[in-house]
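I have placed the structure first, in the form of structure tokens, so that the comments after it can refer back to it.
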2 protein chains.
Amino acid sequence: MLGRPRRLAILAEACFTRLAAKTAVGVLRYRPEEAAAVIDSTRAGTTAADCIGAGGAVPVVADLEAAAARGADSLLIGIAPQGGELPAAWRAAVRAALERGWDVIAGLHAFLADDPEFAPLAARHGGRILDLRRPPAERPIATARAAALDALVVLTVGTDCNVGKMTAAIEIQRALRARGVAAAFVATGQTGMLIADRGVAVDALVADFVAGVMERLVCEAAADADVVLVEGQGSLHHPGYAGVTLAMLHGACPAAMILCHEAGRTRIRARTDPASGPAIPPLAEVARAYETAAAWVHPSRVVGAALNTSEIGPEAAHAALERASAELGLPVADPVRNAAPLAETILGLHAGRAAARAAARGRRTEAS
Amino acid sequence: MLGRPRRLAILAEACFTRLAAKTAVGVLRYRPEEAAAVIDSTRAGTTAADCIGAGGAVPVVADLEAAAARGADSLLIGIAPQGGELPAAWRAAVRAALERGWDVIAGLHAFLADDPEFAPLAARHGGRILDLRRPPAERPIATARAAALDALVVLTVGTDCNVGKMTAAIEIQRALRARGVAAAFVATGQTGMLIADRGVAVDALVADFVAGVMERLVCEAAADADVVLVEGQGSLHHPGYAGVTLAMLHGACPAAMILCHEAGRTRIRARTDPASGPAIPPLAEVARAYETAAAWVHPSRVVGAALNTSEIGPEAAHAALERASAELGLPVADPVRNAAPLAETILGLHAGRAAARAAARGRRTEAS
């Protein structure tokens, strides 16, 4: 992970739950072999599986020392809070990790490498600070060139933040690969970057260049892939983040979108009090909004939906999938339980495009 | 300007035209008393009025020395090119200004104060480098609180970049003030900041915080104004910039929008070759796109249009205004020629809101 194999101590103090510790959850689900321990003193003695339903027997321990005893050699900040600051109570753990000479990996907006206390500690003890949100030194302006790619570009879009856009993209990519398709995954957030070992945290870019960087990422991924699954961010209906969402949509110029939603969520998490957030519109209305916004630059269709049913049982999940599918008139699946319906939908689109291109080549050959 | 009265040498070498030197044009139109000279050796001997139709007798000179002879004491970079880099050929002029101990003011994405050559020169000779796009150190996430303001918030939106959104906001603000209304102007780009002596270049913010900073700017301006005119940026149909446009729209939560367009422009300037840019949709379709996008967070209406007719004569301008007004069914004016129709429209909205609030207060008083 990020340059070498690691044994991570994942810091999620007092918040090691599926919703609060998004970065920890992503790494434990997709790179569990690099997780030595999770630090959360309020849940010490349990396992990752007990707390979040992923990560198997990875132990939850009380502190950094206990994580070191489990063989940890790097500290990962396991959260990405709104605003992106390091919680003050976590500074001691970062200090302790750096004093052991560990690398510290973070996806915060506040860069740890710029911290006047942490930077000298890293230098003195030989560890590195990896700020995943540090933007690349490029200033590209998008020109919609991703619209001309031969590869089928698919963007996951959402009704809100933290509904499963990254997970849907990864699960569909895996299902396509299992079917022999050259499918790439483009990571656009800190958790996706940890899993894919590449990508850019696009919400930390200078606003003018979000679409341009997306365009570059998608074009690069398309160079050796037939299908490119792009991790979306935010939501067009989120009062704080819709700009990032739209810039990504226009930069990626996807031919198809997968609408992601968490079963049972009715309000956007835009305020400290979740009950006061704006209502999430009906799924069909959200899908129409994405199609409208895409068409301002390049037309695109929502071709299916990914429903995150991790908080409900199998029967309730089945009913929720049925309802969503009826509402949208589209295939709907929870890709963690079963990505096949969405993978098959995308496979069908891909085959149709390939056939259309072959026919066009045939016509050109006849005409010449 | 920016802390003290100035005598500016405005650098616009080989590009002192209305379209290419946007920053220069804005300053010459609204702060001509602080312009000592414009530097453009290809037009030396002419005046600002000759070249751009604004700035009166401000002389165009060949170099920095000639500008100094006209009393200049600061250098302003007069352009804001796509990508935001300083043209390599302009480095010598920046060096020469710093060697004279002048301040250098720039609105580029590439910060001059971070340049390894310029920073020491400024320090040695006592000048300051003012990078207008340097973002403030805040990380606010928008929550749509501008929607609850008593003040009438009006955002200028556009069919493209560089069509007159800043100019429309300033001209309408002035016309409202002339009518005795407490109208504020919120500057969101480097040129607006030079004119207003405050504001933030929002396109240079980290993408996650554009809406949040807009929200703060609008709420602050509303504290002592009844009408807040907000300078918009970009366009929902521009492949590179729509994300910034949407974040501003959701952060400002305007009650009304003024759609800005340049008469005769048919394509978005999104590529090096202007003829290959995407077509600008019909004005009514663009207006609908802004209303659709606003409603994802807070409903808003396009209540009028500002047509930039600076490149055509008065008769053609009159015909263009008539056509646009018929197409939109709304008041349309070139606010530089005559801002009254748009000011009156906004005044009417403002009066209607004030009356509605007074009636609501009356009902509450009766009920209690």
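Chain lettering (A, B, ...) mirrors the order of the structure tokens, residue numbering begins at 1 for each chain separately, and ligand numbering begins at 1 in order of display.
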If we count only C-alpha atoms, which residues of chain B reach to within 6 Å of chain A? Please list them as a PyMOL selection string. chain B and resi 83+139+141-144+203-208+211+237+239-240+243-244+246-247+250+296-297
Using DSSP on the backbone coordinates, identify the residues of stretch 42-291 of chain B assigned to helix (DSSP H, G or I); present them as a VMD selection string. chain B and resid 42 to 43 48 to 52 64 to 69 88 to 99 112 to 114 118 to 125 145 to 148 165 to 178 190 to 196 202 to 204 207 to 222 242 to 252 274 to 276 283 to 291
What's around stretch 124-126 of chain A at 7 Å? Count only C-alpha atoms, leave out sequence neighbours fewer than 4 positions away in its own chain, and write the answer as an MDAnalysis selection string. chainID A and resid 98:101 120
Computed interatomic separation between atom CA of A:Ala319 and atom CA of A:Gly164 (Å):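 Atom-to-atom, atom CA of A:Ala319 and atom CA of A:Gly164 are spaced 18.8 Å apart.
Each of B:Ala275, B:Ala168, B:Ala225, B:Leu152 was compared to B:Ala351 using only C-alpha atoms, and B:Leu152 turns out to be the nearest.
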Do you have, as JSON lines, the list of residues of stretch 158-179 of chain A lying at most 10 Å from stretch 299-316 of chain A, each with its nearest atom pair and that distance in Å to one decimal, counting only C-alpha atoms and ordered by chain then number?
{"residue": "A:Gly158", "atom": "CA", "partner": "A:Ala306", "partner_atom": "CA", "distance": 9.1}
{"residue": "A:Asn162", "atom": "CA", "partner": "A:Asn308", "partner_atom": "CA", "distance": 9.9}
{"residue": "A:Val163", "atom": "CA", "partner": "A:Asn308", "partner_atom": "CA", "distance": 6.5}
{"residue": "A:Gly164", "atom": "CA", "partner": "A:Asn308", "partner_atom": "CA", "distance": 6.3}
{"residue": "A:Lys165", "atom": "CA", "partner": "A:Ala306", "partner_atom": "CA", "distance": 8.2}
{"residue": "A:Thr167", "atom": "CA", "partner": "A:Asn308", "partner_atom": "CA", "distance": 9.2}
{"residue": "A:Ala168", "atom": "CA", "partner": "A:Ala306", "partner_atom": "CA", "distance": 6.5}
{"residue": "A:Ala169", "atom": "CA", "partner": "A:Ala306", "partner_atom": "CA", "distance": 9.5}
{"residue": "A:Ile172", "atom": "CA", "partner": "A:Ala306", "partner_atom": "CA", "distance": 9.9}
Give me the residues near A:Asp114 as an MDAnalysis selection string, where near means some atom within 12 Å (using only C-alpha atoms) and where sequence neighbours in that chain fewer than 6 positions away do not count. chainID A and resid 108 120:122 129:131 134
List every residue of stretch 110-198 of chain B that DSSP, applied to the backbone of this structure, places in strand (DSSP E), and write the result as a ChimeraX atom specification. /B:129-131,152-158,183-186
Selection above as a file: N, CA and C atoms, as a PDB file, in the first residue's frame:
ATOM      1  N   ILE B 129       4.204  41.441  -2.601  1.00  0.00           N
ATOM      2  CA  ILE B 129       3.523  40.705  -3.670  1.00  0.00           C
ATOM      3  C   ILE B 129       2.140  40.338  -3.164  1.00  0.00           C
ATOM      4  N   LEU B 130       1.106  40.802  -3.846  1.00  0.00           N
ATOM      5  CA  LEU B 130      -0.276  40.547  -3.445  1.00  0.00           C
ATOM      6  C   LEU B 130      -0.892  39.565  -4.434  1.00  0.00           C
ATOM      7  N   ASP B 131      -1.022  38.313  -4.038  1.00  0.00           N
ATOM      8  CA  ASP B 131      -1.653  37.291  -4.884  1.00  0.00           C
ATOM      9  C   ASP B 131      -3.132  37.234  -4.530  1.00  0.00           C
ATOM     10  N   LEU B 152     -32.394  40.624  -0.117  1.00  0.00           N
ATOM     11  CA  LEU B 152     -32.636  40.005  -1.421  1.00  0.00           C
ATOM     12  C   LEU B 152     -31.282  39.705  -2.063  1.00  0.00           C
ATOM     13  N   VAL B 153     -30.972  38.428  -2.228  1.00  0.00           N
ATOM     14  CA  VAL B 153     -29.693  38.039  -2.826  1.00  0.00           C
ATOM     15  C   VAL B 153     -29.902  37.787  -4.316  1.00  0.00           C
ATOM     16  N   VAL B 154     -29.097  38.456  -5.140  1.00  0.00           N
ATOM     17  CA  VAL B 154     -29.198  38.341  -6.596  1.00  0.00           C
ATOM     18  C   VAL B 154     -27.843  37.899  -7.128  1.00  0.00           C
ATOM     19  N   LEU B 155     -27.817  36.802  -7.864  1.00  0.00           N
ATOM     20  CA  LEU B 155     -26.568  36.276  -8.426  1.00  0.00           C
ATOM     21  C   LEU B 155     -26.568  36.486  -9.932  1.00  0.00           C
ATOM     22  N   THR B 156     -25.458  36.993 -10.471  1.00  0.00           N
ATOM     23  CA  THR B 156     -25.341  37.047 -11.927  1.00  0.00           C
ATOM     24  C   THR B 156     -24.772  35.717 -12.409  1.00  0.00           C
ATOM     25  N   VAL B 157     -25.426  35.128 -13.398  1.00  0.00           N
ATOM     26  CA  VAL B 157     -25.001  33.840 -13.954  1.00  0.00           C
ATOM     27  C   VAL B 157     -24.805  34.037 -15.461  1.00  0.00           C
ATOM     28  N   GLY B 158     -24.141  33.094 -16.121  1.00  0.00           N
ATOM     29  CA  GLY B 158     -23.792  33.388 -17.507  1.00  0.00           C
ATOM     30  C   GLY B 158     -23.874  32.220 -18.460  1.00  0.00           C
ATOM     31  N   ALA B 183     -27.496  48.650  -1.352  1.00  0.00           N
ATOM     32  CA  ALA B 183     -27.135  47.499  -2.184  1.00  0.00           C
ATOM     33  C   ALA B 183     -25.648  47.213  -2.034  1.00  0.00           C
ATOM     34  N   ALA B 184     -25.307  45.947  -1.781  1.00  0.00           N
ATOM     35  CA  ALA B 184     -23.904  45.539  -1.641  1.00  0.00           C
ATOM     36  C   ALA B 184     -23.480  44.742  -2.866  1.00  0.00           C
ATOM     37  N   PHE B 185     -22.182  44.762  -3.144  1.00  0.00           N
ATOM     38  CA  PHE B 185     -21.602  43.972  -4.236  1.00  0.00           C
ATOM     39  C   PHE B 185     -20.631  42.967  -3.625  1.00  0.00           C
ATOM     40  N   VAL B 186     -20.805  41.681  -3.944  1.00  0.00           N
ATOM     41  CA  VAL B 186     -19.887  40.653  -3.448  1.00  0.00           C
ATOM     42  C   VAL B 186     -18.965  40.234  -4.595  1.00  0.00           C
TER      43      VAL B 186
END
Taking 5 positions as the minimum chain separation for residues in the same chain, which residues sit within 8 Å of B:Ala35 when counting only C-alpha atoms? Answer as JSON, numbers by chain. {"B": [6, 7, 8, 9, 10, 27, 28, 58, 72]}
Given the selection you just returned, output its residues as a file containing N, CA and C atoms, formatted as a PDB file, in the first residue's frame.
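Done, and the output landed in part_19.pdb:
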ATOM      1  N   ARG B   6      -3.179  53.887  -4.896  1.00  0.00           N
ATOM      2  CA  ARG B   6      -2.097  53.400  -5.761  1.00  0.00           C
ATOM      3  C   ARG B   6      -2.070  54.160  -7.075  1.00  0.00           C
ATOM      4  N   ARG B   7      -0.907  54.092  -7.708  1.00  0.00           N
ATOM      5  CA  ARG B   7      -0.742  54.512  -9.094  1.00  0.00           C
ATOM      6  C   ARG B   7      -0.257  53.280  -9.834  1.00  0.00           C
ATOM      7  N   LEU B   8      -1.163  52.649 -10.560  1.00  0.00           N
ATOM      8  CA  LEU B   8      -0.866  51.347 -11.155  1.00  0.00           C
ATOM      9  C   LEU B   8      -0.234  51.446 -12.531  1.00  0.00           C
ATOM     10  N   ALA B   9       0.799  50.639 -12.742  1.00  0.00           N
ATOM     11  CA  ALA B   9       1.213  50.285 -14.104  1.00  0.00           C
ATOM     12  C   ALA B   9       0.534  48.953 -14.401  1.00  0.00           C
ATOM     13  N   ILE B  10      -0.342  48.947 -15.409  1.00  0.00           N
ATOM     14  CA  ILE B  10      -1.129  47.741 -15.695  1.00  0.00           C
ATOM     15  C   ILE B  10      -0.493  46.998 -16.860  1.00  0.00           C
ATOM     16  N   VAL B  27     -10.446  47.236 -14.054  1.00  0.00           N
ATOM     17  CA  VAL B  27      -9.843  48.295 -13.227  1.00  0.00           C
ATOM     18  C   VAL B  27      -9.948  49.641 -13.939  1.00  0.00           C
ATOM     19  N   LEU B  28      -9.702  49.664 -15.240  1.00  0.00           N
ATOM     20  CA  LEU B  28      -9.759  50.935 -15.970  1.00  0.00           C
ATOM     21  C   LEU B  28     -11.184  51.481 -16.027  1.00  0.00           C
ATOM     22  N   VAL B  58      -5.918  57.495 -19.953  1.00  0.00           N
ATOM     23  CA  VAL B  58      -4.790  56.748 -19.361  1.00  0.00           C
ATOM     24  C   VAL B  58      -3.880  56.284 -20.504  1.00  0.00           C
ATOM     25  N   ALA B  72       3.818  55.754 -11.885  1.00  0.00           N
ATOM     26  CA  ALA B  72       3.374  54.460 -11.349  1.00  0.00           C
ATOM     27  C   ALA B  72       4.195  54.065 -10.126  1.00  0.00           C
TER      28      ALA B  72
END
Give me the residues near stretch 346-349 of chain A as a PyMOL selection string, where near means some atom within 10 Å (using only C-alpha atoms) and where sequence neighbours in that chain fewer than 2 positions away do not count. chain A and resi 152-154+172+176+179+181+227+255-258+303-304+340-344+351-355
Point-to-point distance from atom CA of A:Ala36 to atom CA of A:Leu11, Å rounded to tenths: 11.3 Å
Mind checking which residues fall within 10 Å of A:Asp224, counting only C-alpha atoms, ignoring those fewer than 4 positions away in the same chain, and posting them as a short mmCIF file (atom, residue, chain, number, x, y, z; two decimals) with C-alpha atoms, in the first residue's frame?
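So the final result, stored in around_2.cif, reads:
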data_model
loop_
_atom_site.label_atom_id
_atom_site.label_comp_id
_atom_site.auth_asym_id
_atom_site.auth_seq_id
_atom_site.Cartn_x
_atom_site.Cartn_y
_atom_site.Cartn_z
CA ALA A 151 -13.79 2.76 -23.33
CA ALA A 182 -10.63 -5.31 -18.71
CA ALA A 183 -12.26 -3.03 -16.12
CA ALA A 184 -10.39 -0.21 -14.35
CA CYS A 219 -8.32 9.19 -20.02
CA GLU A 220 -5.30 7.53 -18.39
CA VAL A 228 -13.69 2.47 -16.55
#
